[in-house]
$ cat run_33.cif   # mmCIF, C-alpha atoms
data_input
loop_
_atom_site.label_atom_id
_atom_site.label_comp_id
_atom_site.auth_asym_id
_atom_site.auth_seq_id
_atom_site.Cartn_x
_atom_site.Cartn_y
_atom_site.Cartn_z
CA MET A 1 3.95 -30.56 -1.58
CA ASN A 2 0.53 -31.16 -0.16
CA GLN A 3 -1.66 -28.87 -2.27
CA TRP A 4 -4.38 -28.50 0.36
CA LYS A 5 -1.85 -27.27 2.89
CA ASN A 6 -0.42 -25.01 0.22
CA PHE A 7 -3.88 -23.54 -0.30
CA THR A 8 -4.86 -23.04 3.34
CA LYS A 9 -1.62 -21.62 4.70
CA GLY A 10 -2.57 -18.15 3.47
CA PHE A 11 -5.61 -17.96 5.75
CA ILE A 12 -4.31 -18.08 9.30
CA LYS A 13 -0.77 -19.34 9.62
CA GLU A 14 0.79 -17.18 6.94
CA ASN A 15 -1.98 -14.67 6.50
CA PRO A 16 -0.42 -11.87 4.42
CA VAL A 17 -2.04 -9.13 6.47
CA PHE A 18 -2.21 -10.31 10.07
CA VAL A 19 1.00 -12.32 10.21
CA LEU A 20 3.30 -11.20 7.41
CA LEU A 21 2.16 -7.54 7.57
CA LEU A 22 2.45 -7.02 3.83
CA GLY A 23 0.41 -4.73 1.63
CA MET A 24 -0.88 -2.58 4.43
CA CYS A 25 -1.99 0.43 2.36
CA PRO A 26 -5.12 -1.11 0.80
CA VAL A 27 -5.79 -2.93 4.08
CA LEU A 28 -6.19 0.37 5.87
CA GLY A 29 -7.45 2.45 2.99
CA THR A 30 -10.29 0.34 1.60
CA THR A 31 -11.85 -1.24 4.68
CA GLY A 32 -14.33 1.45 5.63
CA THR A 33 -17.09 -1.06 4.90
CA ALA A 34 -17.13 -4.83 4.56
CA ILE A 35 -18.20 -4.71 0.93
CA ASN A 36 -15.31 -2.42 -0.07
CA GLY A 37 -12.88 -4.71 1.74
CA LEU A 38 -14.29 -7.76 -0.01
CA GLY A 39 -14.16 -6.05 -3.42
CA MET A 40 -10.57 -4.99 -2.94
CA GLY A 41 -9.65 -8.45 -1.65
CA LEU A 42 -11.17 -10.21 -4.64
CA ALA A 43 -9.52 -7.81 -7.10
CA THR A 44 -6.16 -8.54 -5.49
CA THR A 45 -6.91 -12.28 -5.48
CA PHE A 46 -7.48 -12.22 -9.23
CA VAL A 47 -4.21 -10.37 -9.83
CA LEU A 48 -2.28 -12.67 -7.50
CA PHE A 49 -3.71 -15.83 -9.06
CA MET A 50 -3.09 -14.74 -12.64
CA SER A 51 0.35 -13.24 -12.06
CA ASN A 52 1.52 -16.26 -10.06
CA THR A 53 0.35 -18.57 -12.84
CA VAL A 54 1.95 -16.56 -15.63
CA VAL A 55 5.20 -15.96 -13.77
CA SER A 56 5.48 -19.66 -13.09
CA LEU A 57 4.82 -20.42 -16.79
CA ILE A 58 7.52 -18.06 -18.04
CA LYS A 59 10.06 -18.57 -15.26
CA ASN A 60 12.46 -20.54 -17.48
CA VAL A 61 12.34 -18.05 -20.35
CA ILE A 62 13.18 -14.89 -18.42
CA PRO A 63 16.84 -14.07 -17.86
CA ASP A 64 17.64 -13.77 -14.19
CA LYS A 65 18.80 -10.16 -14.39
CA VAL A 66 15.58 -8.67 -15.71
CA ARG A 67 13.20 -10.89 -13.78
CA ILE A 68 11.85 -8.21 -11.41
CA PRO A 69 10.91 -5.72 -14.18
CA SER A 70 9.34 -8.57 -16.14
CA TYR A 71 7.26 -9.61 -13.13
CA ILE A 72 6.17 -6.01 -12.67
CA VAL A 73 5.00 -5.83 -16.29
CA VAL A 74 3.02 -9.07 -15.88
CA ILE A 75 1.42 -7.78 -12.68
CA ALA A 76 0.69 -4.34 -14.14
CA THR A 77 -1.04 -5.98 -17.12
CA PHE A 78 -3.47 -7.86 -14.90
CA VAL A 79 -4.03 -4.80 -12.74
CA THR A 80 -4.98 -2.85 -15.84
CA ILE A 81 -7.42 -5.62 -16.81
CA VAL A 82 -9.02 -5.50 -13.36
CA GLN A 83 -9.20 -1.73 -13.58
CA MET A 84 -10.99 -1.79 -16.93
CA VAL A 85 -13.41 -4.59 -16.01
CA MET A 86 -14.35 -2.93 -12.72
CA GLN A 87 -14.82 0.44 -14.35
CA ALA A 88 -17.19 -1.14 -16.87
CA TYR A 89 -19.23 -3.45 -14.64
CA LEU A 90 -18.86 -2.19 -11.05
CA PRO A 91 -18.52 1.56 -11.44
CA SER A 92 -19.65 2.43 -7.90
CA LEU A 93 -17.19 0.04 -6.28
CA PHE A 94 -14.47 1.29 -8.63
CA GLU A 95 -15.29 4.81 -7.57
CA SER A 96 -15.09 4.08 -3.83
CA LEU A 97 -11.85 2.07 -4.06
CA GLY A 98 -10.37 4.85 -6.14
CA ILE A 99 -6.63 5.03 -6.33
CA PHE A 100 -6.11 1.72 -4.54
CA ILE A 101 -6.99 -0.29 -7.66
CA PRO A 102 -3.99 0.88 -9.73
CA LEU A 103 -1.92 0.61 -6.57
CA ILE A 104 -2.36 -3.18 -6.51
CA VAL A 105 0.73 -3.03 -8.75
CA VAL A 106 2.91 -1.95 -5.85
CA ASN A 107 1.28 -4.28 -3.32
CA CYS A 108 4.26 -6.12 -1.87
CA ILE A 109 2.30 -9.36 -1.53
CA VAL A 110 1.86 -9.75 -5.27
CA LEU A 111 5.49 -9.17 -6.18
CA GLY A 112 6.58 -11.05 -3.08
CA ARG A 113 4.69 -14.23 -4.02
CA ALA A 114 5.90 -13.98 -7.63
CA GLU A 115 9.52 -13.70 -6.53
CA ALA A 116 9.48 -16.02 -3.52
CA PHE A 117 7.11 -18.74 -4.71
CA ALA A 118 5.98 -18.66 -8.33
CA SER A 119 9.47 -18.32 -9.77
CA LYS A 120 10.57 -21.52 -8.05
CA ASN A 121 7.55 -23.83 -8.20
CA THR A 122 5.37 -25.67 -10.70
CA VAL A 123 2.44 -23.94 -12.36
CA LEU A 124 -0.11 -25.87 -10.31
CA SER A 125 1.50 -25.08 -6.95
CA ALA A 126 2.02 -21.46 -7.95
CA SER A 127 -1.58 -20.87 -8.98
CA ILE A 128 -2.90 -22.60 -5.85
CA ASP A 129 -0.55 -20.51 -3.75
CA GLY A 130 -1.76 -17.35 -5.50
CA LEU A 131 -5.39 -18.28 -4.93
CA GLY A 132 -4.80 -19.20 -1.27
CA THR A 133 -2.79 -16.09 -0.46
CA GLY A 134 -5.27 -13.91 -2.31
CA LEU A 135 -8.28 -15.36 -0.51
CA GLY A 136 -6.42 -14.99 2.79
CA PHE A 137 -5.90 -11.35 1.93
CA ALA A 138 -9.57 -10.97 0.95
CA PHE A 139 -10.60 -12.69 4.18
CA ALA A 140 -8.48 -10.27 6.22
CA LEU A 141 -9.87 -7.23 4.42
CA THR A 142 -13.45 -8.39 4.78
CA LEU A 143 -12.97 -9.13 8.48
CA LEU A 144 -11.44 -5.73 9.14
CA GLY A 145 -14.06 -4.03 6.98
CA ALA A 146 -16.89 -5.82 8.80
CA ALA A 147 -15.42 -4.94 12.21
CA ARG A 148 -15.05 -1.27 11.28
CA GLU A 149 -18.49 -1.08 9.70
CA LEU A 150 -20.11 -2.72 12.74
CA LEU A 151 -18.35 -0.50 15.25
CA GLY A 152 -18.71 2.59 13.14
CA SER A 153 -22.29 2.42 11.90
CA GLY A 154 -23.81 -0.70 13.44
CA LYS A 155 -24.11 -2.51 10.11
CA ILE A 156 -22.37 -5.40 8.34
CA PHE A 157 -22.68 -5.54 4.54
CA ASN A 158 -25.35 -2.86 4.97
CA PHE A 159 -27.53 -5.09 7.18
CA GLU A 160 -28.43 -3.25 10.33
CA ILE A 161 -27.26 -5.08 13.45
CA LEU A 162 -27.13 -2.31 16.01
CA PRO A 163 -29.18 0.89 15.89
CA GLU A 164 -27.20 3.51 14.06
CA GLN A 165 -26.91 5.93 16.97
CA TYR A 166 -24.62 3.48 18.80
CA GLY A 167 -22.03 3.67 16.02
CA MET A 168 -18.63 5.14 16.82
CA LEU A 169 -17.83 7.25 13.81
CA ILE A 170 -14.11 7.15 14.54
CA PHE A 171 -13.90 3.55 13.30
CA ILE A 172 -15.01 4.54 9.82
CA LEU A 173 -12.48 7.38 9.75
CA ALA A 174 -8.73 7.01 9.38
CA PRO A 175 -7.66 6.51 13.03
CA GLY A 176 -10.14 3.67 13.51
CA ALA A 177 -8.48 1.74 10.69
CA PHE A 178 -5.19 1.66 12.58
CA ILE A 179 -6.75 0.90 15.94
CA ALA A 180 -9.01 -1.92 14.70
CA LEU A 181 -6.14 -3.48 12.75
CA GLY A 182 -3.85 -3.31 15.80
CA TYR A 183 -6.31 -5.24 17.93
CA ILE A 184 -7.01 -7.83 15.23
CA ILE A 185 -3.27 -8.47 14.84
CA ALA A 186 -2.94 -8.85 18.60
CA ILE A 187 -5.75 -11.44 18.60
CA THR A 188 -4.21 -13.33 15.66
CA ASN A 189 -0.83 -13.41 17.40
CA ARG A 190 -2.50 -14.83 20.44
CA LEU A 191 -4.37 -17.52 18.46
CA ASN A 192 -1.26 -18.55 16.55
CA LYS A 193 0.70 -18.84 19.77
CA GLN A 194 -1.91 -21.06 21.36
CA LYS A 195 -1.76 -23.46 18.45
CA ALA A 196 2.03 -23.67 18.42
CA MET B 197 -2.02 31.44 -2.21
CA GLU B 198 -3.09 28.35 -4.10
CA TYR B 199 0.28 26.82 -3.42
CA ILE B 200 0.01 27.49 0.30
CA ILE B 201 -3.35 25.73 0.38
CA ILE B 202 -1.91 22.75 -1.49
CA ILE B 203 1.00 22.59 0.94
CA ILE B 204 -1.00 22.85 4.16
CA SER B 205 -3.65 20.47 2.93
CA ALA B 206 -1.10 17.83 1.86
CA ILE B 207 1.05 18.03 4.99
CA LEU B 208 -1.50 18.41 7.77
CA VAL B 209 -5.09 17.96 6.68
CA ASN B 210 -4.84 15.09 4.21
CA ASN B 211 -1.59 13.63 5.47
CA ILE B 212 -0.48 11.07 2.95
CA VAL B 213 0.19 8.33 5.50
CA LEU B 214 -2.24 8.98 8.30
CA ASN B 215 -5.20 10.07 6.24
CA GLN B 216 -4.78 8.67 2.74
CA PHE B 217 -2.99 5.45 3.73
CA LEU B 218 -0.28 5.67 1.11
CA GLY B 219 3.20 4.54 2.03
CA VAL B 220 2.11 2.63 5.11
CA CYS B 221 4.65 -0.19 4.51
CA PRO B 222 7.75 1.99 4.98
CA PHE B 223 5.87 3.87 7.70
CA LEU B 224 5.69 0.65 9.72
CA GLY B 225 8.89 -0.85 8.37
CA VAL B 226 11.58 1.79 8.85
CA SER B 227 10.19 3.63 11.86
CA LYS B 228 12.09 1.83 14.58
CA LYS B 229 14.81 4.49 14.76
CA ILE B 230 14.72 8.21 14.06
CA GLU B 231 17.94 8.02 12.05
CA THR B 232 16.59 5.58 9.48
CA ALA B 233 13.34 7.51 9.36
CA VAL B 234 15.25 10.64 8.37
CA GLY B 235 17.19 8.75 5.68
CA MET B 236 14.01 7.28 4.25
CA THR B 237 12.38 10.70 4.17
CA GLY B 238 15.29 12.08 2.17
CA ALA B 239 15.14 9.26 -0.36
CA VAL B 240 11.36 9.51 -0.71
CA THR B 241 11.45 13.28 -1.23
CA PHE B 242 14.07 12.96 -3.93
CA VAL B 243 12.35 10.18 -5.85
CA MET B 244 8.83 11.53 -5.38
CA VAL B 245 9.63 14.89 -6.95
CA LEU B 246 11.57 13.33 -9.83
CA ALA B 247 8.91 10.71 -10.46
CA THR B 248 6.13 13.28 -10.45
CA ILE B 249 7.92 15.40 -13.04
CA VAL B 250 8.72 12.46 -15.31
CA THR B 251 5.29 10.83 -15.10
CA PHE B 252 3.63 14.21 -15.68
CA LEU B 253 5.60 14.66 -18.89
CA ILE B 254 4.83 11.11 -19.99
CA GLN B 255 1.11 11.49 -19.36
CA HIS B 256 0.82 14.81 -21.20
CA TYR B 257 3.26 14.31 -24.05
CA ILE B 258 3.03 10.57 -24.76
CA LEU B 259 -0.08 8.93 -23.33
CA ASN B 260 -2.58 11.72 -23.99
CA PRO B 261 -1.61 12.57 -27.60
CA LEU B 262 -1.58 8.88 -28.53
CA GLN B 263 -4.81 8.27 -26.59
CA ILE B 264 -3.39 5.32 -24.71
CA GLY B 265 -4.34 6.53 -21.23
CA TYR B 266 -5.20 2.98 -20.21
CA LEU B 267 -1.50 2.17 -20.22
CA GLN B 268 -1.00 4.64 -17.36
CA THR B 269 -0.45 2.06 -14.63
CA ILE B 270 2.05 0.02 -16.64
CA ALA B 271 3.91 3.05 -17.95
CA PHE B 272 4.17 4.76 -14.58
CA ILE B 273 5.39 1.78 -12.60
CA LEU B 274 8.04 0.96 -15.21
CA VAL B 275 9.21 4.56 -15.27
CA ILE B 276 9.39 4.72 -11.49
CA ALA B 277 11.26 1.42 -11.26
CA SER B 278 13.84 2.48 -13.83
CA LEU B 279 14.06 5.96 -12.34
CA VAL B 280 14.95 4.49 -8.97
CA GLN B 281 17.67 2.38 -10.60
CA LEU B 282 18.97 5.40 -12.47
CA VAL B 283 19.04 7.57 -9.36
CA GLU B 284 20.96 4.83 -7.60
CA ILE B 285 23.59 4.62 -10.36
CA VAL B 286 23.96 8.40 -10.70
CA LEU B 287 24.18 8.99 -6.96
CA LYS B 288 26.82 6.32 -6.59
CA LYS B 289 28.96 8.08 -9.17
CA VAL B 290 28.26 11.73 -8.38
CA SER B 291 27.81 11.87 -4.64
CA PRO B 292 29.07 8.86 -2.74
CA ALA B 293 28.27 10.56 0.56
CA LEU B 294 24.61 11.01 -0.32
CA TYR B 295 24.56 7.48 -1.71
CA GLN B 296 25.86 6.20 1.61
CA ALA B 297 23.02 7.94 3.40
CA LEU B 298 20.16 7.04 1.05
CA GLY B 299 21.45 3.94 -0.74
CA VAL B 300 19.82 1.25 1.34
CA PHE B 301 16.41 2.90 1.08
CA LEU B 302 16.35 3.34 -2.67
CA PRO B 303 15.46 -0.23 -3.71
CA LEU B 304 12.62 -0.21 -1.19
CA ILE B 305 11.11 2.84 -2.82
CA THR B 306 9.99 1.10 -6.01
CA THR B 307 7.28 -0.67 -4.05
CA ASN B 308 6.42 2.39 -1.98
CA CYS B 309 2.86 3.10 -3.04
CA ALA B 310 3.22 6.74 -2.01
CA ILE B 311 5.36 7.42 -5.08
CA LEU B 312 3.01 5.86 -7.62
CA GLY B 313 0.04 7.17 -5.66
CA VAL B 314 1.20 10.78 -5.81
CA ALA B 315 2.08 10.45 -9.49
CA ILE B 316 -1.45 9.21 -10.27
CA LEU B 317 -3.12 11.76 -7.97
CA VAL B 318 -1.33 14.64 -9.71
CA ILE B 319 -2.85 13.48 -13.01
CA GLN B 320 -6.30 12.85 -11.48
CA LYS B 321 -6.45 16.25 -9.82
CA GLU B 322 -5.44 17.87 -13.13
CA PHE B 323 -2.64 19.89 -11.60
CA THR B 324 -0.27 21.95 -13.69
CA MET B 325 3.40 21.04 -13.69
CA VAL B 326 4.30 23.55 -10.96
CA GLU B 327 1.32 22.61 -8.79
CA GLY B 328 2.27 18.96 -9.25
CA VAL B 329 5.80 19.57 -8.05
CA VAL B 330 4.59 21.59 -5.07
CA TYR B 331 2.12 18.83 -4.27
CA ALA B 332 4.87 16.20 -4.46
CA ILE B 333 7.21 18.16 -2.19
CA ALA B 334 4.41 18.82 0.31
CA ASN B 335 3.44 15.15 0.37
CA ALA B 336 7.05 14.14 0.88
CA ILE B 337 7.26 16.53 3.83
CA GLY B 338 3.99 15.13 5.18
CA PHE B 339 5.35 11.61 4.84
CA GLY B 340 8.54 12.62 6.61
CA LEU B 341 6.68 14.41 9.39
CA ALA B 342 4.47 11.41 10.12
CA LEU B 343 7.38 8.97 9.84
CA ILE B 344 9.73 10.89 12.12
CA ILE B 345 7.08 11.58 14.78
CA PHE B 346 6.11 7.93 14.69
CA ALA B 347 9.75 6.81 14.96
CA GLY B 348 10.18 9.03 18.01
CA LEU B 349 7.07 7.51 19.58
CA ARG B 350 8.27 3.99 18.86
CA GLU B 351 11.65 4.62 20.43
CA HIS B 352 9.83 5.51 23.64
CA LEU B 353 7.37 2.68 23.23
CA ASP B 354 10.23 0.17 23.38
CA LEU B 355 10.94 1.21 26.94
CA GLN B 356 7.38 0.89 28.16
CA GLU B 357 5.72 -2.10 29.68
CA VAL B 358 3.07 -3.28 27.25
CA PRO B 359 0.57 -6.14 27.72
CA LYS B 360 2.07 -9.30 26.25
CA GLY B 361 -0.36 -9.79 23.37
CA LEU B 362 -0.01 -6.21 22.18
CA LYS B 363 3.79 -6.14 22.22
CA GLY B 364 5.57 -5.07 19.05
CA VAL B 365 3.51 -4.43 15.95
CA PRO B 366 -0.03 -4.28 17.41
CA ILE B 367 0.76 -1.50 19.91
CA ALA B 368 2.72 0.35 17.23
CA ILE B 369 -0.29 0.32 14.89
CA ILE B 370 -2.64 1.42 17.66
CA THR B 371 -0.23 4.26 18.44
CA ALA B 372 -0.35 5.23 14.77
CA GLY B 373 -4.13 5.35 15.13
CA ILE B 374 -3.86 7.79 18.01
CA LEU B 375 -1.38 9.84 15.98
CA ALA B 376 -3.90 9.87 13.11
CA MET B 377 -6.52 11.10 15.57
CA ALA B 378 -4.22 13.97 16.51
CA PHE B 379 -3.85 14.88 12.84
CA MET B 380 -7.65 14.85 12.50
CA GLY B 381 -7.59 17.96 14.63
CA PHE B 382 -6.29 19.81 11.59
CA SER B 383 -9.31 18.98 9.46
CA GLY B 384 -11.26 22.04 8.50
CA ILE B 385 -8.42 24.54 8.59
CA VAL B 386 -8.23 24.68 4.81
#

$ encode --input "run_33.cif" --output "structure tokens"
Amino acid sequence: MNQWKNFTKGFIKENPVFVLLLGMCPVLGTTGTAINGLGMGLATTFVLFMSNTVVSLIKNVIPDKVRIPSYIVVIATFVTIVQMVMQAYLPSLFESLGIFIPLIVVNCIVLGRAEAFASKNTVLSASIDGLGTGLGFAFALTLLGAARELLGSGKIFNFEILPEQYGMLIFILAPGAFIALGYIIAITNRLNKQKA
Amino acid sequence: MEYIIIIISAILVNNIVLNQFLGVCPFLGVSKKIETAVGMTGAVTFVMVLATIVTFLIQHYILNPLQIGYLQTIAFILVIASLVQLVEIVLKKVSPALYQALGVFLPLITTNCAILGVAILVIQKEFTMVEGVVYAIANAIGFGLALIIFAGLREHLDLQEVPKGLKGVPIAIITAGILAMAFMGFSGIV
């Protein structure tokens, strides 16, 4: 398989958030600001990349019947690593992402890629797929975070773009997450249709 | 009194789906019909309460005494996954009728972040056992309330004329946003 295509498919065509609609909890819960979205996206990317690689390495050793629990243990291990590293080096980000860091374990994208892709492909393809899907996820979170931050407080990554009094607070709060995501999905659908 | 505050806050003010964004996948996935929404709510309630009790015991009687709190994530997810399997096997044997109603939803629950989320939150908030159980039940009710209202809205939404680009998922998510706005009206009552 063409590795470049394998890498880029996660961005637009098979974007885990906008097209496949997987792993919605962190998408909505951590995108109050662009930087939180990016942090969450990169944490998930690391877990996806590592778990895809390891699952692909051990795919011939694991008996078929216990494969899902084994994958979960592999994923949970890397999530714990991310948790500890973030707590040590990025305590403020860790604080603001809160419960969503341990919840990467139950993110359907991670288990989904392990089961659907990594368990059937070579190590190289699997790790590239993990990286591509993860960065696609990070891209989606950052985009949504930036949109919400801009509409809500007039800033992107804390740089002021609009004066603060024009911000619509609702976009930082819970309802804005749903509404902004709905419109972004509509736009993505439209773009994908045009290309096809 | 404490319990009443926990209940009201979990169901209305900090609704688990619409405010804390836990369990959004089943919220979007099984909300096309009210019937399935009710079934899912039953399964979630059952597993959430059980999982909270079991993970509470594990945290306080295994992880804490041995000082291996960092294994929390791994331990909890394994326990929840096996618990779901166990519930499935027991239900099949003991109550085939209930199994018929909840069976299809059980495997989906392992990856429902609401279950693991509530289990972790109970530990983080340092609840006692009873408070934890109350909290779990209240969150399950909150999940069910949001899910069933949303399913009702979506059934109506199917009959409406919607702009082409927004059809299907986008309009459903925007509707969820408006529903979340309605729930924001409850903020401040506790």

$ resolve_selection --input "run_33.cif" --expression "the PyMOL selection byres ((chain B) within 9 of (chain A))" --output "mmCIF file with C-alpha atoms, keeping the file's coordinate frame"
data_model
loop_
_atom_site.group_PDB
_atom_site.id
_atom_site.type_symbol
_atom_site.label_atom_id
_atom_site.label_comp_id
_atom_site.auth_asym_id
_atom_site.auth_seq_id
_atom_site.Cartn_x
_atom_site.Cartn_y
_atom_site.Cartn_z
ATOM 1 C CA VAL B 213 0.190 8.330 5.500
ATOM 2 C CA LEU B 214 -2.240 8.980 8.300
ATOM 3 C CA ASN B 215 -5.200 10.070 6.240
ATOM 4 C CA GLN B 216 -4.780 8.670 2.740
ATOM 5 C CA PHE B 217 -2.990 5.450 3.730
ATOM 6 C CA LEU B 218 -0.280 5.670 1.110
ATOM 7 C CA GLY B 219 3.200 4.540 2.030
ATOM 8 C CA VAL B 220 2.110 2.630 5.110
ATOM 9 C CA CYS B 221 4.650 -0.190 4.510
ATOM 10 C CA TYR B 266 -5.200 2.980 -20.210
ATOM 11 C CA LEU B 267 -1.500 2.170 -20.220
ATOM 12 C CA GLN B 268 -1.000 4.640 -17.360
ATOM 13 C CA THR B 269 -0.450 2.060 -14.630
ATOM 14 C CA ILE B 270 2.050 0.020 -16.640
ATOM 15 C CA ALA B 271 3.910 3.050 -17.950
ATOM 16 C CA ILE B 273 5.390 1.780 -12.600
ATOM 17 C CA LEU B 274 8.040 0.960 -15.210
ATOM 18 C CA ALA B 277 11.260 1.420 -11.260
ATOM 19 C CA SER B 278 13.840 2.480 -13.830
ATOM 20 C CA THR B 306 9.990 1.100 -6.010
ATOM 21 C CA THR B 307 7.280 -0.670 -4.050
ATOM 22 C CA ASN B 308 6.420 2.390 -1.980
ATOM 23 C CA CYS B 309 2.860 3.100 -3.040
ATOM 24 C CA LEU B 312 3.010 5.860 -7.620
ATOM 25 C CA GLY B 313 0.040 7.170 -5.660
ATOM 26 C CA ILE B 316 -1.450 9.210 -10.270
ATOM 27 C CA LEU B 317 -3.120 11.760 -7.970
ATOM 28 C CA GLY B 361 -0.360 -9.790 23.370
ATOM 29 C CA LEU B 362 -0.010 -6.210 22.180
ATOM 30 C CA LYS B 363 3.790 -6.140 22.220
ATOM 31 C CA VAL B 365 3.510 -4.430 15.950
ATOM 32 C CA PRO B 366 -0.030 -4.280 17.410
ATOM 33 C CA ILE B 367 0.760 -1.500 19.910
ATOM 34 C CA ALA B 368 2.720 0.350 17.230
ATOM 35 C CA ILE B 369 -0.290 0.320 14.890
ATOM 36 C CA ILE B 370 -2.640 1.420 17.660
ATOM 37 C CA THR B 371 -0.230 4.260 18.440
ATOM 38 C CA ALA B 372 -0.350 5.230 14.770
ATOM 39 C CA GLY B 373 -4.130 5.350 15.130
ATOM 40 C CA ILE B 374 -3.860 7.790 18.010
ATOM 41 C CA LEU B 375 -1.380 9.840 15.980
ATOM 42 C CA ALA B 376 -3.900 9.870 13.110
ATOM 43 C CA MET B 377 -6.520 11.100 15.570
ATOM 44 C CA ALA B 378 -4.220 13.970 16.510
ATOM 45 C CA MET B 380 -7.650 14.850 12.500
#

$ residues_around --input "run_33.cif" --residues "Thr232 of chain B" --least-positions-apart "6" --cutoff "9 Å" --atoms "all atoms listed in the file" --output "ChimeraX atom specification"
/B:226,301,347

$ closest_residue --input "run_33.cif" --among "A:Leu151, A:Val82, A:Ile156, A:Val123" --to "Leu42 of chain A" --atoms "only C-alpha atoms"
A:Val82

$ resolve_selection --input "run_33.cif" --expression "the PyMOL selection byres ((chain B and resi 344) around 10)" --output "VMD selection string"
chain B and resid 223 226 to 234 236 to 237 338 to 343 345 to 350

$ write_last_selection --input "run_33.cif" --atoms "C-alpha atoms" --output "mmCIF file, keeping the file's coordinate frame"
data_model
loop_
_atom_site.group_PDB
_atom_site.id
_atom_site.type_symbol
_atom_site.label_atom_id
_atom_site.label_comp_id
_atom_site.auth_asym_id
_atom_site.auth_seq_id
_atom_site.Cartn_x
_atom_site.Cartn_y
_atom_site.Cartn_z
ATOM 1 C CA PHE B 223 5.870 3.870 7.700
ATOM 2 C CA VAL B 226 11.580 1.790 8.850
ATOM 3 C CA SER B 227 10.190 3.630 11.860
ATOM 4 C CA LYS B 228 12.090 1.830 14.580
ATOM 5 C CA LYS B 229 14.810 4.490 14.760
ATOM 6 C CA ILE B 230 14.720 8.210 14.060
ATOM 7 C CA GLU B 231 17.940 8.020 12.050
ATOM 8 C CA THR B 232 16.590 5.580 9.480
ATOM 9 C CA ALA B 233 13.340 7.510 9.360
ATOM 10 C CA VAL B 234 15.250 10.640 8.370
ATOM 11 C CA MET B 236 14.010 7.280 4.250
ATOM 12 C CA THR B 237 12.380 10.700 4.170
ATOM 13 C CA GLY B 338 3.990 15.130 5.180
ATOM 14 C CA PHE B 339 5.350 11.610 4.840
ATOM 15 C CA GLY B 340 8.540 12.620 6.610
ATOM 16 C CA LEU B 341 6.680 14.410 9.390
ATOM 17 C CA ALA B 342 4.470 11.410 10.120
ATOM 18 C CA LEU B 343 7.380 8.970 9.840
ATOM 19 C CA ILE B 345 7.080 11.580 14.780
ATOM 20 C CA PHE B 346 6.110 7.930 14.690
ATOM 21 C CA ALA B 347 9.750 6.810 14.960
ATOM 22 C CA GLY B 348 10.180 9.030 18.010
ATOM 23 C CA LEU B 349 7.070 7.510 19.580
ATOM 24 C CA ARG B 350 8.270 3.990 18.860
#

$ closest_residue --input "run_33.cif" --among "A:Asn36, A:Ser127, A:Tyr89, A:Thr45" --to "Asn158 of chain A" --atoms "all atoms listed in the file"
A:Asn36

$ atom_distance --input "run_33.cif" --atom1 "atom CA of Phe7 of chain A" --atom2 "atom CA of Leu124 of chain A"
10.9 Å

$ residues_around --input "run_33.cif" --residues "Ile337 of chain B" --least-positions-apart "6" --cutoff "10 Å" --atoms "all atoms listed in the file" --output "ChimeraX atom specification"
/B:203,206-208,211-212,237-238,240-241,331,343

$ write_last_selection --input "run_33.cif" --atoms "C-alpha atoms" --output "mmCIF file, in the coordinates of the input"
data_model
loop_
_atom_site.group_PDB
_atom_site.id
_atom_site.type_symbol
_atom_site.label_atom_id
_atom_site.label_comp_id
_atom_site.auth_asym_id
_atom_site.auth_seq_id
_atom_site.Cartn_x
_atom_site.Cartn_y
_atom_site.Cartn_z
ATOM 1 C CA ILE B 203 1.000 22.590 0.940
ATOM 2 C CA ALA B 206 -1.100 17.830 1.860
ATOM 3 C CA ILE B 207 1.050 18.030 4.990
ATOM 4 C CA LEU B 208 -1.500 18.410 7.770
ATOM 5 C CA ASN B 211 -1.590 13.630 5.470
ATOM 6 C CA ILE B 212 -0.480 11.070 2.950
ATOM 7 C CA THR B 237 12.380 10.700 4.170
ATOM 8 C CA GLY B 238 15.290 12.080 2.170
ATOM 9 C CA VAL B 240 11.360 9.510 -0.710
ATOM 10 C CA THR B 241 11.450 13.280 -1.230
ATOM 11 C CA TYR B 331 2.120 18.830 -4.270
ATOM 12 C CA LEU B 343 7.380 8.970 9.840
#

$ closest_residue --input "run_33.cif" --among "A:Val85, A:Leu57, A:Leu135, A:Ala43" --to "Glu14 of chain A" --atoms "only C-alpha atoms"
A:Leu135

$ residues_around --input "run_33.cif" --residues "Arg113 of chain A" --least-positions-apart "5" --cutoff "10 Å" --atoms "only C-alpha atoms" --output "list in words"
Leu48, Phe49, Ser51, Asn52, Val55, Cys108, Ala118, Ser119, Ala126, Asp129, Gly130 and Thr133 of chain A

$ atom_distance --input "run_33.cif" --atom1 "atom CA of Phe11 of chain A" --atom2 "atom CA of Leu38 of chain A"
14.6 Å

$ atom_distance --input "run_33.cif" --atom1 "atom CA of Gln281 of chain B" --atom2 "atom CA of Ile311 of chain B"
14.4 Å

$ closest_residue --input "run_33.cif" --among "B:Leu302, B:Val326, B:Ile202, B:Ala310" --to "Leu279 of chain B" --atoms "all atoms listed in the file"
B:Leu302

$ closest_residue --input "run_33.cif" --among "A:Gly10, A:Gln165, A:Thr33, A:Val61" --to "Leu97 of chain A" --atoms "all atoms listed in the file"
A:Thr33

$ axis_aligned_box --input "run_33.cif" --around "segment 19-30 of chain A" --padding-each-side "8 Å" --output "lines of an AutoDock Vina configuration file"
center_x = -3.5
center_y = -4.9
center_z = 5.5
size_x = 29.6
size_y = 30.8
size_z = 25.4

$ resolve_selection --input "run_33.cif" --expression "the PyMOL selection byres ((chain A and resi 136) around 9)" --output "number ranges by chain"
A: 8-12, 14-17, 41, 45, 131-135, 137-141

$ closest_residue --input "run_33.cif" --among "B:Leu287, B:Ala247, B:Val300, B:Val314" --to "Val275 of chain B" --atoms "all atoms listed in the file"
B:Ala247
